[in-house]
$ cat query.txt   # compact mmCIF, C-alpha atoms
# COMPACT_ATOMS: atom_id res chain seq x y z
CA MET A 1 -26.88 31.61 20.35
CA ALA A 2 -24.40 28.83 20.15
CA ILE A 3 -21.42 27.77 18.10
CA GLU A 4 -22.37 25.93 14.93
CA VAL A 5 -20.17 22.94 14.19
CA ARG A 6 -20.04 21.27 10.77
CA ILE A 7 -19.29 17.57 11.02
CA PRO A 8 -17.64 15.66 8.15
CA THR A 9 -19.13 12.40 6.86
CA ILE A 10 -16.53 10.25 8.59
CA LEU A 11 -17.47 11.60 12.05
CA ARG A 12 -21.26 11.64 11.67
CA ASN A 13 -21.56 8.27 13.36
CA TYR A 14 -20.87 10.22 16.56
CA THR A 15 -23.65 12.73 15.89
CA GLY A 16 -26.44 10.39 14.90
CA GLY A 17 -25.84 11.32 11.29
CA ALA A 18 -26.19 15.06 11.88
CA LYS A 19 -24.17 17.26 9.54
CA ILE A 20 -24.40 20.29 11.83
CA VAL A 21 -24.46 20.28 15.62
CA GLU A 22 -24.19 23.06 18.18
CA GLY A 23 -21.99 23.55 21.18
CA SER A 24 -20.57 26.12 23.53
CA GLY A 25 -17.29 27.03 25.18
CA ASP A 26 -14.69 29.81 25.42
CA THR A 27 -11.90 27.88 23.75
CA LEU A 28 -11.73 25.14 21.15
CA ALA A 29 -10.76 22.69 23.92
CA ALA A 30 -13.83 23.63 25.99
CA LEU A 31 -16.07 23.44 22.94
CA ILE A 32 -14.79 19.96 22.09
CA ASP A 33 -15.42 18.84 25.70
CA ASP A 34 -18.95 20.21 25.45
CA LEU A 35 -19.53 18.41 22.12
CA ASP A 36 -18.16 15.17 23.54
CA SER A 37 -20.63 15.33 26.45
CA ARG A 38 -23.45 14.84 23.92
CA HIS A 39 -21.57 13.09 21.12
CA SER A 40 -19.44 10.65 23.05
CA GLY A 41 -16.26 9.60 21.30
CA LEU A 42 -15.95 12.67 19.10
CA LYS A 43 -13.18 14.13 21.25
CA GLY A 44 -11.02 11.05 20.73
CA ARG A 45 -11.14 11.62 16.98
CA LEU A 46 -10.07 15.26 17.29
CA ILE A 47 -7.53 15.19 20.11
CA THR A 48 -4.65 12.74 20.56
CA PRO A 49 -4.08 10.85 23.81
CA GLU A 50 -1.16 13.25 24.34
CA GLY A 51 -3.58 16.17 24.26
CA GLY A 52 -2.76 17.71 20.88
CA LEU A 53 -4.94 18.26 17.86
CA HIS A 54 -5.19 15.14 15.77
CA ARG A 55 -3.28 15.33 12.49
CA PHE A 56 -6.05 13.48 10.67
CA VAL A 57 -8.44 16.43 10.89
CA ASN A 58 -8.43 20.09 9.99
CA ILE A 59 -10.49 22.39 12.20
CA TYR A 60 -11.44 25.89 11.14
CA VAL A 61 -12.99 28.70 13.19
CA ASN A 62 -14.78 31.16 10.92
CA ASP A 63 -12.76 29.81 8.00
CA GLU A 64 -9.36 30.16 9.71
CA ASP A 65 -7.27 27.05 10.35
CA VAL A 66 -7.09 26.73 14.14
CA ARG A 67 -3.44 25.74 13.88
CA PHE A 68 -2.85 29.44 13.20
CA LEU A 69 -5.17 30.56 16.00
CA GLY A 70 -3.59 28.82 18.97
CA ALA A 71 -4.86 25.30 18.24
CA LEU A 72 -6.83 23.98 21.23
CA GLU A 73 -6.43 27.34 22.99
CA ALA A 74 -8.10 29.16 20.09
CA LYS A 75 -10.81 31.49 21.41
CA VAL A 76 -14.37 30.80 20.31
CA LYS A 77 -17.65 32.50 21.10
CA ASP A 78 -21.36 32.28 20.43
CA GLY A 79 -22.13 32.93 16.82
CA ASP A 80 -18.84 31.48 15.61
CA SER A 81 -18.85 28.74 13.04
CA LEU A 82 -16.58 25.72 13.35
CA THR A 83 -15.82 23.43 10.41
CA ILE A 84 -14.15 20.04 10.74
CA LEU A 85 -12.72 18.39 7.63
CA PRO A 86 -10.70 15.21 7.26
CA ALA A 87 -7.11 16.14 6.44
CA VAL A 88 -6.31 14.80 2.99
CA ALA A 89 -2.78 13.46 3.01
CA GLY A 90 -0.78 10.34 2.37
CA GLY A 91 1.92 9.15 0.06
CA ALA A 92 4.49 6.47 -0.39
CA LEU A 93 6.50 7.50 2.64
CA GLY A 94 6.43 5.21 5.68
CA PHE A 95 3.89 6.19 8.27
CA ALA A 96 6.30 7.09 11.08
CA ALA A 97 8.27 9.40 8.82
CA ALA A 98 5.08 10.97 7.46
CA ALA A 99 3.74 11.51 10.97
CA ALA A 100 6.97 13.22 11.99
CA LEU A 101 6.75 15.42 8.91
CA VAL A 102 3.16 16.44 9.58
CA GLY A 103 3.72 16.81 13.30
CA GLY A 104 6.55 19.21 12.61
CA ARG A 105 4.54 21.78 10.72
CA MET B 106 -19.49 -2.09 0.71
CA LEU B 107 -21.69 0.92 1.20
CA ASN B 108 -20.69 4.44 0.40
CA SER B 109 -22.07 7.45 2.25
CA HIS B 110 -25.24 7.28 0.23
CA GLY B 111 -25.89 3.62 0.65
CA ASN B 112 -24.90 2.61 -2.86
CA VAL B 113 -22.90 -0.47 -3.56
CA ASN B 114 -19.83 0.27 -5.64
CA ASP B 115 -17.09 -2.02 -6.75
CA VAL B 116 -16.10 -0.13 -9.85
CA LEU B 117 -14.94 3.36 -10.57
CA THR B 118 -16.38 4.59 -13.85
CA ILE B 119 -14.51 7.68 -15.00
CA ASP B 120 -14.18 9.67 -18.16
CA ARG B 121 -11.04 9.22 -20.20
CA ALA B 122 -10.53 12.99 -20.42
CA ILE B 123 -10.36 13.20 -16.63
CA ILE B 124 -7.92 10.28 -16.37
CA ASP B 125 -5.77 11.87 -19.06
CA ALA B 126 -5.73 15.18 -17.16
CA ILE B 127 -4.81 13.41 -13.90
CA VAL B 128 -1.91 11.69 -15.68
CA VAL B 129 -0.75 15.02 -17.11
CA HIS B 130 -0.86 16.51 -13.60
CA ALA B 131 1.07 13.57 -12.15
CA ARG B 132 3.71 13.75 -14.89
CA ARG B 133 4.06 17.51 -14.50
CA ASP B 134 4.74 17.25 -10.75
CA HIS B 135 6.93 14.13 -11.03
CA PRO B 136 9.14 13.31 -9.08
CA ASP B 137 7.02 15.04 -6.44
CA GLU B 138 3.67 13.46 -5.65
CA ALA B 139 0.64 15.11 -7.24
CA CYS B 140 -2.81 15.16 -5.66
CA GLY B 141 -6.34 16.36 -6.26
CA VAL B 142 -10.04 15.71 -6.25
CA VAL B 143 -12.71 14.90 -8.80
CA ALA B 144 -16.02 16.28 -7.63
CA GLY B 145 -19.42 15.07 -8.75
CA PRO B 146 -23.09 15.54 -7.92
CA ILE B 147 -23.98 14.12 -4.50
CA GLY B 148 -25.14 10.54 -4.57
CA GLN B 149 -24.54 9.84 -8.24
CA ASP B 150 -21.03 8.37 -8.07
CA VAL B 151 -20.05 10.23 -11.24
CA PRO B 152 -16.70 12.02 -11.15
CA ALA B 153 -17.30 15.14 -13.22
CA ARG B 154 -15.17 18.11 -12.19
CA LEU B 155 -11.40 17.77 -11.89
CA ILE B 156 -9.78 19.91 -9.20
CA PRO B 157 -5.98 19.55 -9.14
CA MET B 158 -4.72 20.54 -5.68
CA ASP B 159 -1.36 21.83 -4.53
CA ASN B 160 0.77 19.30 -2.72
CA ALA B 161 1.58 21.49 0.30
CA ALA B 162 4.29 19.01 1.30
CA ARG B 163 6.02 19.28 -2.12
CA SER B 164 7.55 15.89 -1.49
CA MET B 165 8.52 12.84 -3.51
CA THR B 166 7.05 10.57 -0.82
CA PHE B 167 4.27 12.52 0.83
CA TYR B 168 1.30 14.62 -0.18
CA GLU B 169 -0.92 16.89 1.80
CA PHE B 170 -3.68 19.25 0.72
CA ASP B 171 -3.13 22.84 1.80
CA SER B 172 -5.71 23.26 4.57
CA MET B 173 -7.01 26.61 3.33
CA GLU B 174 -7.26 25.48 -0.29
CA GLN B 175 -9.09 22.40 0.92
CA LEU B 176 -11.61 24.45 2.88
CA ARG B 177 -12.28 26.62 -0.15
CA VAL B 178 -12.72 23.62 -2.44
CA TRP B 179 -14.90 21.67 0.04
CA ARG B 180 -17.11 24.76 0.50
CA GLU B 181 -17.41 25.14 -3.25
CA MET B 182 -18.48 21.50 -3.55
CA ASP B 183 -21.06 22.08 -0.81
CA ASP B 184 -22.42 25.11 -2.62
CA ARG B 185 -22.72 23.14 -5.85
CA ASP B 186 -24.28 20.07 -4.19
CA GLU B 187 -21.18 18.07 -5.04
CA GLU B 188 -19.03 15.69 -3.07
CA PRO B 189 -15.48 14.37 -3.50
CA VAL B 190 -16.15 11.33 -5.70
CA VAL B 191 -12.46 10.65 -6.35
CA ILE B 192 -9.40 11.62 -4.32
CA TYR B 193 -6.27 10.98 -6.35
CA HIS B 194 -2.55 11.11 -5.81
CA SER B 195 0.57 9.78 -7.43
CA HIS B 196 3.31 7.52 -6.21
CA THR B 197 6.43 8.41 -8.13
CA ALA B 198 8.78 5.55 -7.31
CA THR B 199 6.50 2.78 -6.07
CA GLU B 200 3.41 0.91 -7.19
CA ALA B 201 -0.08 2.40 -7.30
CA TYR B 202 -1.22 0.75 -4.08
CA PRO B 203 -2.23 2.56 -0.85
CA SER B 204 0.60 2.84 1.65
CA ARG B 205 0.03 2.56 5.36
CA THR B 206 0.11 6.35 5.41
CA ASP B 207 -2.61 6.53 2.77
CA VAL B 208 -4.77 4.15 4.80
CA SER B 209 -4.21 6.01 8.05
CA PHE B 210 -5.25 9.32 6.56
CA ALA B 211 -8.12 8.11 4.40
CA GLY B 212 -10.97 10.23 5.75
CA GLU B 213 -13.58 10.18 3.02
CA PRO B 214 -15.32 6.80 3.27
CA GLY B 215 -17.52 7.62 0.28
CA ALA B 216 -14.63 8.43 -2.05
CA HIS B 217 -12.74 6.37 -4.58
CA TYR B 218 -9.02 6.61 -3.81
CA LEU B 219 -7.30 6.67 -7.20
CA LEU B 220 -3.57 6.10 -7.33
CA VAL B 221 -1.33 6.73 -10.32
CA SER B 222 2.22 5.44 -10.39
CA THR B 223 4.63 7.41 -12.54
CA ARG B 224 7.70 5.29 -11.76
CA GLU B 225 7.85 4.06 -15.35
CA PRO B 226 8.72 6.91 -17.71
CA ASP B 227 6.40 5.92 -20.55
CA SER B 228 3.47 4.15 -18.94
CA GLU B 229 1.26 4.72 -15.92
CA GLU B 230 -0.24 2.28 -13.49
CA ILE B 231 -3.73 3.48 -12.52
CA ARG B 232 -5.65 1.70 -9.76
CA SER B 233 -8.58 2.59 -7.53
CA PHE B 234 -9.52 1.62 -4.00
CA ARG B 235 -12.12 2.08 -1.32
CA ILE B 236 -10.56 2.74 2.06
CA VAL B 237 -13.07 2.43 4.90
CA ASP B 238 -12.17 1.97 8.57
CA GLY B 239 -8.63 1.02 7.62
CA VAL B 240 -9.75 -1.68 5.18
CA VAL B 241 -8.49 -1.38 1.59
CA THR B 242 -10.65 -2.85 -1.18
CA GLU B 243 -9.42 -2.63 -4.74
CA GLU B 244 -12.01 -1.96 -7.40
CA GLU B 245 -12.07 -2.04 -11.16
CA VAL B 246 -11.34 1.17 -13.05
CA ASN B 247 -13.71 1.50 -15.98
CA ILE B 248 -12.45 4.26 -18.26
CA VAL B 249 -15.15 5.45 -20.62
CA ASP B 250 -15.53 8.15 -23.23
CA ALA B 251 -17.73 11.15 -22.58
CA THR B 252 -19.66 10.52 -19.40
CA VAL B 253 -19.09 14.21 -18.82
CA LYS B 254 -21.31 16.37 -20.93
CA ALA B 255 -19.60 19.38 -22.36
$ encode --input "query.txt" --output "structure tokens"
Amino acid sequence: MAIEVRIPTILRNYTGGAKIVEGSGDTLAALIDDLDSRHSGLKGRLITPEGGLHRFVNIYVNDEDVRFLGALEAKVKDGDSLTILPAVAGGALGFAAAAALVGGR
Amino acid sequence: MLNSHGNVNDVLTIDRAIIDAIVVHARRDHPDEACGVVAGPIGQDVPARLIPMDNAARSMTFYEFDSMEQLRVWREMDDRDEEPVVIYHSHTATEAYPSRTDVSFAGEPGAHYLLVSTREPDSEEIRSFRIVDGVVTEEEVNIVDATVKA
């Protein structure tokens, strides 16, 4: 058993086009490290240089938004299902102000 | 430019009834920004099913899909062999052109990004763009009658 990870279109260039990949780990952070070991570069699209979850993606564990499950510390286990979606956001506001707004949620 | 299915697209062809409904949504939420999706069968580039989304930010200058609503809608599209053909939102005080924020967030390289400006009270500016790897390419909007079968 492993953790099934659904990859959105925009990140499939890191998975050789695969829509679903598998990984393992006890936490979301460990799972992402494991995925990055085979799909190099994926981690950089999910985690900021400062070590937080990237605001451009939504990550769900068993259909729960990980932001409500402890973010990178969220517990995961074999048999879980992880879904990554691009966050859909934007608007007329300047980018810095928008980033502050999103970062503050 | 290639979309996710390898098709070349430099025009958005969309039914007038869908455009009209998007405008109604944008006017209803004005002065807040309105947002949503038009789903269509995978690979056909035909926007067929309008899905107005909540703007979780409820802001005049920012929009954001609610993450749980988005998951539900994206799952539903998956189940129906659909994809997001159009992602739309309104600008309520500025032109219908992607902002730097729009470009930074644009995460569906296969989608048409449709913008509606409601800054004028009695007319709308409606424009469509591809946004791929940070590059914005405007495309023609071809509004037609009845591409969607009842």
$ residues_near_point --input "query.txt" --point "(-20.5, 13.2, 11.2)" --cutoff "12 Å" --atoms "all atoms listed in the file" --output "compact mmCIF listing (two decimals) with C-alpha atoms, in the coordinates of the input"
# COMPACT_ATOMS: atom_id res chain seq x y z
CA VAL A 5 -20.17 22.94 14.19
CA ARG A 6 -20.04 21.27 10.77
CA ILE A 7 -19.29 17.57 11.02
CA PRO A 8 -17.64 15.66 8.15
CA THR A 9 -19.13 12.40 6.86
CA ILE A 10 -16.53 10.25 8.59
CA LEU A 11 -17.47 11.60 12.05
CA ARG A 12 -21.26 11.64 11.67
CA ASN A 13 -21.56 8.27 13.36
CA TYR A 14 -20.87 10.22 16.56
CA THR A 15 -23.65 12.73 15.89
CA GLY A 16 -26.44 10.39 14.90
CA GLY A 17 -25.84 11.32 11.29
CA ALA A 18 -26.19 15.06 11.88
CA LYS A 19 -24.17 17.26 9.54
CA ILE A 20 -24.40 20.29 11.83
CA VAL A 21 -24.46 20.28 15.62
CA HIS A 39 -21.57 13.09 21.12
CA GLY A 41 -16.26 9.60 21.30
CA LEU A 42 -15.95 12.67 19.10
CA ARG A 45 -11.14 11.62 16.98
CA THR A 83 -15.82 23.43 10.41
CA ILE A 84 -14.15 20.04 10.74
CA LEU A 85 -12.72 18.39 7.63
CA PRO A 86 -10.70 15.21 7.26
CA SER B 109 -22.07 7.45 2.25
CA GLY B 212 -10.97 10.23 5.75
CA GLU B 213 -13.58 10.18 3.02
CA PRO B 214 -15.32 6.80 3.27
$ atom_distance --input "query.txt" --atom1 "atom CA of Arg132 of chain B" --atom2 "atom CA of Ser172 of chain B"
23.6 Å
$ interface_residues --input "query.txt" --of "chain A" --to "chain B" --cutoff "6 Å" --atoms "only C-alpha atoms" --output "ChimeraX atom specification"
/A:56,86,88-93,95
$ closest_residue --input "query.txt" --among "A:Asp34, A:Thr48, A:Lys43, A:Asn62" --to "Gly79 of chain A" --atoms "all atoms listed in the file"
A:Asn62
$ atom_distance --input "query.txt" --atom1 "atom CA of Ile119 of chain B" --atom2 "atom CA of Asp134 of chain B"
21.9 Å
$ atom_distance --input "query.txt" --atom1 "atom CA of Asp250 of chain B" --atom2 "atom CA of Ser228 of chain B"
19.9 Å
$ axis_aligned_box --input "query.txt" --around "segment 124-129 of chain B" --padding-each-side "4 Å" --output "lines of an AutoDock Vina configuration file"
center_x = -4.3
center_y = 12.7
center_z = -16.5
size_x = 15.2
size_y = 12.9
size_z = 13.2
$ closest_residue --input "query.txt" --among "A:Asp78, A:Ala87, A:Ala2, A:Gly23" --to "Leu53 of chain A" --atoms "only C-alpha atoms"
A:Ala87
$ residues_around --input "query.txt" --residues "segment 73-77 of chain A" --least-positions-apart "2" --cutoff "6 Å" --atoms "all atoms listed in the file" --output "CSV table (one decimal) with C-alpha atoms, in the frame of the given file"
chain,number,residue,atom,x,y,z
A,26,ASP,CA,-14.7,29.8,25.4
A,27,THR,CA,-11.9,27.9,23.8
A,28,LEU,CA,-11.7,25.1,21.2
A,69,LEU,CA,-5.2,30.6,16.0
A,70,GLY,CA,-3.6,28.8,19.0
A,71,ALA,CA,-4.9,25.3,18.2
A,80,ASP,CA,-18.8,31.5,15.6
$ closest_residue --input "query.txt" --among "B:Arg163, B:Thr242, B:Glu174, B:Ile231" --to "Asp65 of chain A" --atoms "all atoms listed in the file"
B:Glu174
